[in-house]
>>> print(open('structure-v3.cif').read())   # mmCIF, C-alpha atoms
data_model
loop_
_atom_site.group_PDB
_atom_site.id
_atom_site.type_symbol
_atom_site.label_atom_id
_atom_site.label_comp_id
_atom_site.auth_asym_id
_atom_site.auth_seq_id
_atom_site.Cartn_x
_atom_site.Cartn_y
_atom_site.Cartn_z
ATOM 1 C CA MET I 1 -14.409 -10.414 -12.494
ATOM 2 C CA THR I 2 -15.895 -13.832 -11.781
ATOM 3 C CA ASP I 3 -12.577 -15.482 -10.834
ATOM 4 C CA PRO I 4 -10.065 -12.968 -9.462
ATOM 5 C CA GLY I 5 -8.046 -15.767 -7.892
ATOM 6 C CA GLY I 6 -7.638 -17.447 -11.259
ATOM 7 C CA PHE I 7 -6.511 -14.182 -12.847
ATOM 8 C CA LEU I 8 -3.948 -13.696 -10.088
ATOM 9 C CA ARG I 9 -2.551 -17.186 -10.458
ATOM 10 C CA ALA I 10 -2.345 -16.830 -14.238
ATOM 11 C CA HIS I 11 -0.562 -13.490 -14.278
ATOM 12 C CA THR I 12 1.633 -13.400 -11.166
ATOM 13 C CA ALA I 13 4.375 -15.407 -9.527
ATOM 14 C CA ALA I 14 5.534 -15.604 -5.929
ATOM 15 C CA GLY I 15 8.425 -13.220 -5.422
ATOM 16 C CA ARG I 16 10.027 -10.818 -2.981
ATOM 17 C CA ALA I 17 10.397 -7.053 -3.102
ATOM 18 C CA PRO I 18 14.057 -5.933 -3.090
ATOM 19 C CA LEU I 19 13.820 -3.857 0.100
ATOM 20 C CA VAL I 20 11.675 -6.392 2.006
ATOM 21 C CA PRO I 21 12.851 -9.927 1.212
ATOM 22 C CA GLU I 22 11.161 -11.289 4.339
ATOM 23 C CA ILE I 23 7.728 -11.029 2.685
ATOM 24 C CA VAL I 24 6.497 -13.259 -0.139
ATOM 25 C CA LEU I 25 4.156 -11.540 -2.597
ATOM 26 C CA HIS I 26 2.306 -12.578 -5.721
ATOM 27 C CA LEU I 27 3.645 -10.022 -8.185
ATOM 28 C CA ALA I 28 3.760 -9.529 -11.926
ATOM 29 C CA SER I 29 6.754 -11.412 -13.260
ATOM 30 C CA GLU I 30 6.564 -9.388 -16.465
ATOM 31 C CA ILE I 31 5.111 -5.912 -16.311
ATOM 32 C CA THR I 32 3.836 -5.229 -19.825
ATOM 33 C CA PRO I 33 1.772 -8.440 -20.272
ATOM 34 C CA ILE I 34 -0.162 -8.042 -17.009
ATOM 35 C CA TRP I 35 -0.812 -4.378 -17.705
ATOM 36 C CA GLN I 36 -2.180 -5.240 -21.143
ATOM 37 C CA ALA I 37 -4.196 -8.145 -19.774
ATOM 38 C CA SER I 38 -5.735 -5.935 -17.113
ATOM 39 C CA GLU I 39 -6.495 -3.253 -19.698
ATOM 40 C CA ASP I 40 -8.387 -5.876 -21.685
ATOM 41 C CA TRP I 41 -10.330 -6.801 -18.546
ATOM 42 C CA LEU I 42 -10.877 -3.114 -17.853
ATOM 43 C CA ALA I 43 -12.414 -2.594 -21.272
ATOM 44 C CA GLU I 44 -14.697 -5.604 -20.876
ATOM 45 C CA LYS I 45 -15.420 -5.820 -17.139
ATOM 46 C CA ASN I 46 -14.514 -2.455 -15.592
ATOM 47 C CA ILE I 47 -11.383 -3.697 -13.847
ATOM 48 C CA GLU I 48 -8.816 -1.209 -12.549
ATOM 49 C CA PRO I 49 -5.186 -1.173 -13.789
ATOM 50 C CA PRO I 50 -3.042 -3.669 -11.832
ATOM 51 C CA PHE I 51 -1.411 -1.388 -9.273
ATOM 52 C CA TRP I 52 -1.713 -4.315 -6.820
ATOM 53 C CA ALA I 53 0.694 -6.433 -8.921
ATOM 54 C CA PHE I 54 3.772 -4.409 -7.941
ATOM 55 C CA ALA I 55 5.472 -3.567 -4.653
ATOM 56 C CA TRP I 56 5.589 0.212 -5.063
ATOM 57 C CA PRO I 57 8.379 2.191 -3.358
ATOM 58 C CA GLY I 58 6.162 3.746 -0.694
ATOM 59 C CA GLY I 59 4.796 0.406 0.479
ATOM 60 C CA GLN I 60 8.257 -1.129 0.545
ATOM 61 C CA ALA I 61 9.624 1.707 2.673
ATOM 62 C CA LEU I 62 6.750 1.426 5.150
ATOM 63 C CA ALA I 63 7.181 -2.337 5.415
ATOM 64 C CA ARG I 64 10.942 -2.033 5.890
ATOM 65 C CA HIS I 65 10.517 0.546 8.638
ATOM 66 C CA VAL I 66 7.926 -1.533 10.462
ATOM 67 C CA LEU I 67 10.001 -4.723 10.340
ATOM 68 C CA ASP I 68 13.102 -2.867 11.514
ATOM 69 C CA HIS I 69 11.165 -1.054 14.270
ATOM 70 C CA PRO I 70 8.443 -3.472 15.416
ATOM 71 C CA GLU I 71 7.874 -1.460 18.581
ATOM 72 C CA THR I 72 6.177 1.208 16.431
ATOM 73 C CA VAL I 73 3.258 -1.120 15.674
ATOM 74 C CA ALA I 74 3.316 -3.788 18.403
ATOM 75 C CA GLY I 75 -0.055 -4.032 20.119
ATOM 76 C CA LYS I 76 -1.614 -1.350 17.885
ATOM 77 C CA ARG I 77 -4.661 -1.297 15.633
ATOM 78 C CA VAL I 78 -3.348 -0.501 12.167
ATOM 79 C CA LEU I 79 -4.928 0.457 8.851
ATOM 80 C CA ASP I 80 -3.015 0.092 5.585
ATOM 81 C CA PHE I 81 -4.873 2.626 3.450
ATOM 82 C CA ALA I 82 -5.025 2.080 -0.332
ATOM 83 C CA ALA I 83 -2.999 -1.012 0.427
ATOM 84 C CA GLY I 84 -2.206 -2.311 -3.063
ATOM 85 C CA CYS I 85 -0.521 -5.687 -2.680
ATOM 86 C CA GLY I 86 -0.723 -5.399 1.117
ATOM 87 C CA ILE I 87 3.005 -5.365 1.823
ATOM 88 C CA ALA I 88 2.790 -2.795 4.635
ATOM 89 C CA ALA I 89 -0.192 -4.530 6.252
ATOM 90 C CA ILE I 90 1.607 -7.867 6.184
ATOM 91 C CA ALA I 91 4.693 -6.293 7.762
ATOM 92 C CA CYS I 92 2.547 -4.890 10.586
ATOM 93 C CA ALA I 93 0.997 -8.293 11.252
ATOM 94 C CA MET I 94 4.459 -9.877 11.287
ATOM 95 C CA ALA I 95 5.688 -7.172 13.689
ATOM 96 C CA GLY I 96 3.019 -7.863 16.308
ATOM 97 C CA ALA I 97 0.218 -5.387 15.639
ATOM 98 C CA GLU I 98 -2.926 -6.193 17.610
ATOM 99 C CA ARG I 99 -5.182 -5.879 14.565
ATOM 100 C CA VAL I 100 -4.360 -5.070 10.959
ATOM 101 C CA GLU I 101 -6.815 -3.968 8.317
ATOM 102 C CA ALA I 102 -6.068 -3.192 4.673
ATOM 103 C CA ALA I 103 -8.422 -0.988 2.658
ATOM 104 C CA GLU I 104 -8.762 -1.276 -1.124
ATOM 105 C CA ILE I 105 -11.519 -0.470 -3.617
ATOM 106 C CA ASP I 106 -10.121 -2.685 -6.399
ATOM 107 C CA GLY I 107 -11.509 -6.227 -6.330
ATOM 108 C CA LEU I 108 -8.290 -7.709 -7.682
ATOM 109 C CA ALA I 109 -6.269 -5.903 -5.033
ATOM 110 C CA VAL I 110 -8.592 -7.322 -2.366
ATOM 111 C CA ALA I 111 -7.935 -10.823 -3.690
ATOM 112 C CA ALA I 112 -4.193 -10.147 -3.871
ATOM 113 C CA ILE I 113 -4.019 -8.930 -0.267
ATOM 114 C CA ARG I 114 -5.830 -12.043 0.965
ATOM 115 C CA LEU I 115 -3.566 -14.305 -1.076
ATOM 116 C CA ASN I 116 -0.397 -12.523 0.044
ATOM 117 C CA ALA I 117 -1.420 -12.525 3.718
ATOM 118 C CA ALA I 118 -2.107 -16.256 3.566
ATOM 119 C CA GLU I 119 1.215 -16.837 1.811
ATOM 120 C CA ASN I 120 2.983 -15.219 4.785
ATOM 121 C CA GLY I 121 0.874 -16.899 7.457
ATOM 122 C CA VAL I 122 -0.602 -13.714 8.901
ATOM 123 C CA VAL I 123 -4.114 -12.403 9.462
ATOM 124 C CA VAL I 124 -5.096 -9.177 7.692
ATOM 125 C CA GLY I 125 -8.688 -7.985 7.632
ATOM 126 C CA VAL I 126 -9.514 -6.661 4.172
ATOM 127 C CA LEU I 127 -11.896 -3.728 3.789
ATOM 128 C CA ALA I 128 -13.204 -3.846 0.217
ATOM 129 C CA GLU I 129 -14.533 -0.300 0.278
ATOM 130 C CA ASP I 130 -13.641 3.377 0.210
ATOM 131 C CA VAL I 131 -12.998 4.038 3.903
ATOM 132 C CA VAL I 132 -12.696 7.805 3.461
ATOM 133 C CA GLY I 133 -15.224 9.319 5.839
ATOM 134 C CA THR I 134 -15.085 6.390 8.267
ATOM 135 C CA ALA I 135 -14.751 7.192 11.968
ATOM 136 C CA CYS I 136 -11.309 6.506 13.383
ATOM 137 C CA ARG I 137 -10.873 3.094 15.015
ATOM 138 C CA TRP I 138 -7.111 2.786 14.506
ATOM 139 C CA ASP I 139 -3.976 3.808 16.351
ATOM 140 C CA LEU I 140 -1.869 4.043 13.183
ATOM 141 C CA ILE I 141 -2.792 4.633 9.539
ATOM 142 C CA LEU I 142 -0.225 3.855 6.838
ATOM 143 C CA CYS I 143 -0.409 5.528 3.431
ATOM 144 C CA GLY I 144 2.079 4.344 0.834
ATOM 145 C CA ASP I 145 2.483 6.441 -2.295
ATOM 146 C CA VAL I 146 -1.059 7.850 -2.342
ATOM 147 C CA CYS I 147 -0.464 11.386 -3.678
ATOM 148 C CA TYR I 148 0.125 10.536 -7.336
ATOM 149 C CA GLU I 149 -2.996 12.243 -8.751
ATOM 150 C CA ALA I 150 -4.753 15.499 -7.897
ATOM 151 C CA PRO I 151 -8.277 13.954 -7.611
ATOM 152 C CA MET I 152 -7.010 11.183 -5.327
ATOM 153 C CA THR I 153 -5.158 13.630 -3.087
ATOM 154 C CA GLY I 154 -8.121 15.980 -2.934
ATOM 155 C CA HIS I 155 -10.420 13.111 -1.954
ATOM 156 C CA ILE I 156 -8.298 11.626 0.801
ATOM 157 C CA LEU I 157 -6.428 14.559 2.344
ATOM 158 C CA PRO I 158 -9.223 16.133 4.445
ATOM 159 C CA TRP I 159 -10.051 12.737 5.935
ATOM 160 C CA LEU I 160 -6.422 11.909 6.654
ATOM 161 C CA ARG I 161 -5.997 15.301 8.356
ATOM 162 C CA ALA I 162 -9.027 14.518 10.531
ATOM 163 C CA MET I 163 -7.606 11.080 11.340
ATOM 164 C CA ALA I 164 -4.286 12.665 12.329
ATOM 165 C CA ALA I 165 -6.055 14.384 15.224
ATOM 166 C CA GLN I 166 -6.933 10.960 16.660
ATOM 167 C CA ALA I 167 -4.225 8.572 15.438
ATOM 168 C CA GLU I 168 -0.749 8.520 13.963
ATOM 169 C CA VAL I 169 -0.813 8.902 10.178
ATOM 170 C CA TRP I 170 2.290 7.949 8.212
ATOM 171 C CA VAL I 171 2.685 8.938 4.578
ATOM 172 C CA ALA I 172 5.425 7.315 2.495
ATOM 173 C CA ASP I 173 6.192 9.381 -0.573
ATOM 174 C CA PRO I 174 8.762 8.878 -3.364
ATOM 175 C CA GLY I 175 8.493 12.398 -4.738
ATOM 176 C CA ARG I 176 5.005 12.422 -6.232
ATOM 177 C CA ALA I 177 3.722 15.729 -7.564
ATOM 178 C CA TYR I 178 0.655 16.117 -5.344
ATOM 179 C CA LEU I 179 2.150 15.547 -1.913
ATOM 180 C CA PRO I 180 0.989 18.413 0.339
ATOM 181 C CA ARG I 181 3.736 20.843 1.257
ATOM 182 C CA ALA I 182 2.583 21.554 4.798
ATOM 183 C CA GLY I 183 1.591 19.513 7.813
ATOM 184 C CA LEU I 184 4.156 16.757 7.275
ATOM 185 C CA THR I 185 7.201 15.942 9.399
ATOM 186 C CA ALA I 186 9.833 13.609 7.956
ATOM 187 C CA PHE I 187 11.103 10.842 10.235
ATOM 188 C CA ALA I 188 12.815 8.285 7.978
ATOM 189 C CA HIS I 189 14.424 8.007 4.549
ATOM 190 C CA TYR I 190 14.862 4.961 2.308
ATOM 191 C CA LYS I 191 16.330 4.266 -1.109
ATOM 192 C CA VAL I 192 14.166 1.744 -2.932
ATOM 193 C CA PRO I 193 15.301 -0.098 -6.080
ATOM 194 C CA THR I 194 12.728 0.112 -8.861
ATOM 195 C CA THR I 195 12.449 -0.523 -12.593
ATOM 196 C CA LEU I 196 12.315 1.749 -15.600
ATOM 197 C CA GLU I 197 9.171 -0.083 -16.663
ATOM 198 C CA LEU I 198 7.355 1.443 -13.682
ATOM 199 C CA GLU I 199 9.331 4.562 -12.822
ATOM 200 C CA ASP I 200 11.575 7.054 -14.607
ATOM 201 C CA ARG I 201 14.646 5.884 -12.679
ATOM 202 C CA THR I 202 16.143 2.725 -11.186
ATOM 203 C CA GLU I 203 15.956 3.931 -7.592
ATOM 204 C CA ARG I 204 13.483 6.051 -5.671
ATOM 205 C CA ALA I 205 14.255 8.064 -2.556
ATOM 206 C CA VAL I 206 11.269 7.571 -0.271
ATOM 207 C CA VAL I 207 10.551 9.786 2.729
ATOM 208 C CA LEU I 208 8.314 8.691 5.591
ATOM 209 C CA TYR I 209 6.300 11.541 7.077
ATOM 210 C CA ARG I 210 4.024 11.956 10.056
ATOM 211 C CA MET I 211 0.941 13.957 9.114
ATOM 212 C CA THR I 212 -0.532 16.579 11.396
ATOM 213 C CA ALA I 213 -4.142 17.601 11.667
ATOM 214 C CA GLU I 214 -3.259 21.095 10.490
ATOM 215 C CA GLY I 215 -1.836 21.660 7.043
#
>>> encode(input="structure-v3.cif", output="structure tokens")
Amino acid sequence: MTDPGGFLRAHTAAGRAPLVPEIVLHLASEITPIWQASEDWLAEKNIEPPFWAFAWPGGQALARHVLDHPETVAGKRVLDFAAGCGIAAIACAMAGAERVEAAEIDGLAVAAIRLNAAENGVVVGVLAEDVVGTACRWDLILCGDVCYEAPMTGHILPWLRAMAAQAEVWVADPGRAYLPRAGLTAFAHYKVPTTLELEDRTERAVVLYRMTAEG
């Protein structure tokens, strides 16, 4: 896309996620139109569906936990993996992390993270690449709602297990089908309001897990 910023401004509005009102995000004000618009772009310009235009339950739960417990990230090097709109990364920067990076392979998501970070007056380094396979340079890796498809889970899980031997890895999951059944220890629970346009219910119960190297 030649002008991702223009697309964002045309199809989003500044808003706040229900569980994390402290953070301003450029989100889809109406879900169906932006999804259709992005599908048109996808057909013409190979653009991904607009997952970045919504504050998904996993990201909201991570952000809420970080803002309520800033000591968990203060002074740490943090990666928000598959960051979407960047809500968890922004929360970490607000909570005093030493360095925050957000990884995304979608060009529109990259633009959204930069816009949202600037909107909240924080610095987030954006990694516009697939970081799977990268050597660990973080103290904490956040993964919000990443186990929604079998190919995605199969791609990322071995790397996340390897990272868990060197850093903390948190996985926020709202009950997705491909979450691994072993090697996860729950440490927090959140109820996140959602919409029937995105989910099959109006509230999602999200569990935060610590991942272990062995699964």
>>> resolve_selection(input="structure-v3.cif", expression="the PyMOL selection byres ((chain I and resi 55) around 10)", output="PDB file with C-alpha atoms, in the frame of the given file")
ATOM      1  CA  ARG I  16      10.027 -10.818  -2.981  1.00  0.00           C
ATOM      2  CA  ALA I  17      10.397  -7.053  -3.102  1.00  0.00           C
ATOM      3  CA  PRO I  18      14.057  -5.933  -3.090  1.00  0.00           C
ATOM      4  CA  LEU I  19      13.820  -3.857   0.100  1.00  0.00           C
ATOM      5  CA  VAL I  20      11.675  -6.392   2.006  1.00  0.00           C
ATOM      6  CA  LEU I  25       4.156 -11.540  -2.597  1.00  0.00           C
ATOM      7  CA  HIS I  26       2.306 -12.578  -5.721  1.00  0.00           C
ATOM      8  CA  LEU I  27       3.645 -10.022  -8.185  1.00  0.00           C
ATOM      9  CA  ALA I  28       3.760  -9.529 -11.926  1.00  0.00           C
ATOM     10  CA  PHE I  51      -1.411  -1.388  -9.273  1.00  0.00           C
ATOM     11  CA  TRP I  52      -1.713  -4.315  -6.820  1.00  0.00           C
ATOM     12  CA  ALA I  53       0.694  -6.433  -8.921  1.00  0.00           C
ATOM     13  CA  PHE I  54       3.772  -4.409  -7.941  1.00  0.00           C
ATOM     14  CA  TRP I  56       5.589   0.212  -5.063  1.00  0.00           C
ATOM     15  CA  PRO I  57       8.379   2.191  -3.358  1.00  0.00           C
ATOM     16  CA  GLY I  58       6.162   3.746  -0.694  1.00  0.00           C
ATOM     17  CA  GLY I  59       4.796   0.406   0.479  1.00  0.00           C
ATOM     18  CA  GLN I  60       8.257  -1.129   0.545  1.00  0.00           C
ATOM     19  CA  ALA I  61       9.624   1.707   2.673  1.00  0.00           C
ATOM     20  CA  GLY I  84      -2.206  -2.311  -3.063  1.00  0.00           C
ATOM     21  CA  CYS I  85      -0.521  -5.687  -2.680  1.00  0.00           C
ATOM     22  CA  GLY I  86      -0.723  -5.399   1.117  1.00  0.00           C
ATOM     23  CA  ILE I  87       3.005  -5.365   1.823  1.00  0.00           C
ATOM     24  CA  ALA I  88       2.790  -2.795   4.635  1.00  0.00           C
ATOM     25  CA  THR I 194      12.728   0.112  -8.861  1.00  0.00           C
TER      26      THR I 194
END
>>> closest_residue(input="structure-v3.cif", among="I:Val146, I:Ile141, I:Ala89, I:Leu157", to="I:Val126", atoms="only C-alpha atoms")
I:Ala89
>>> atom_distance(input="structure-v3.cif", atom1="atom CA of I:Ile90", atom2="atom CA of I:Asn116")
8.0 Å
>>> closest_residue(input="structure-v3.cif", among="I:Glu199, I:Asp80, I:Asp173, I:Asp68", to="I:Asp139", atoms="all atoms listed in the file")
I:Asp80
>>> closest_residue(input="structure-v3.cif", among="I:Glu168, I:Glu22, I:Glu119, I:Glu214", to="I:Leu79", atoms="all atoms listed in the file")
I:Glu168
>>> closest_residue(input="structure-v3.cif", among="I:Ala188, I:Ala205, I:Ala164, I:Met211", to="I:His65", atoms="only C-alpha atoms")
I:Ala188
>>> closest_residue(input="structure-v3.cif", among="I:Met152, I:Val123, I:Val131, I:Ile105", to="I:Ala91", atoms="all atoms listed in the file")
I:Val123
>>> residues_near_point(input="structure-v3.cif", point="(-11.4, 4.3, 2.2)", cutoff="10 Å", atoms="all atoms listed in the file", output="NGL selection string")
:I and (80-82 or 102-105 or 127-134 or 155-156 or 159)
>>> atom_distance(input="structure-v3.cif", atom1="atom CA of I:Glu203", atom2="atom CA of I:Pro70")
25.3 Å
>>> resolve_selection(input="structure-v3.cif", expression="the PyMOL selection byres ((chain I and resi 175) around 10)", output="ChimeraX atom specification")
/I:58,145,147-148,172-174,176-179,204-207
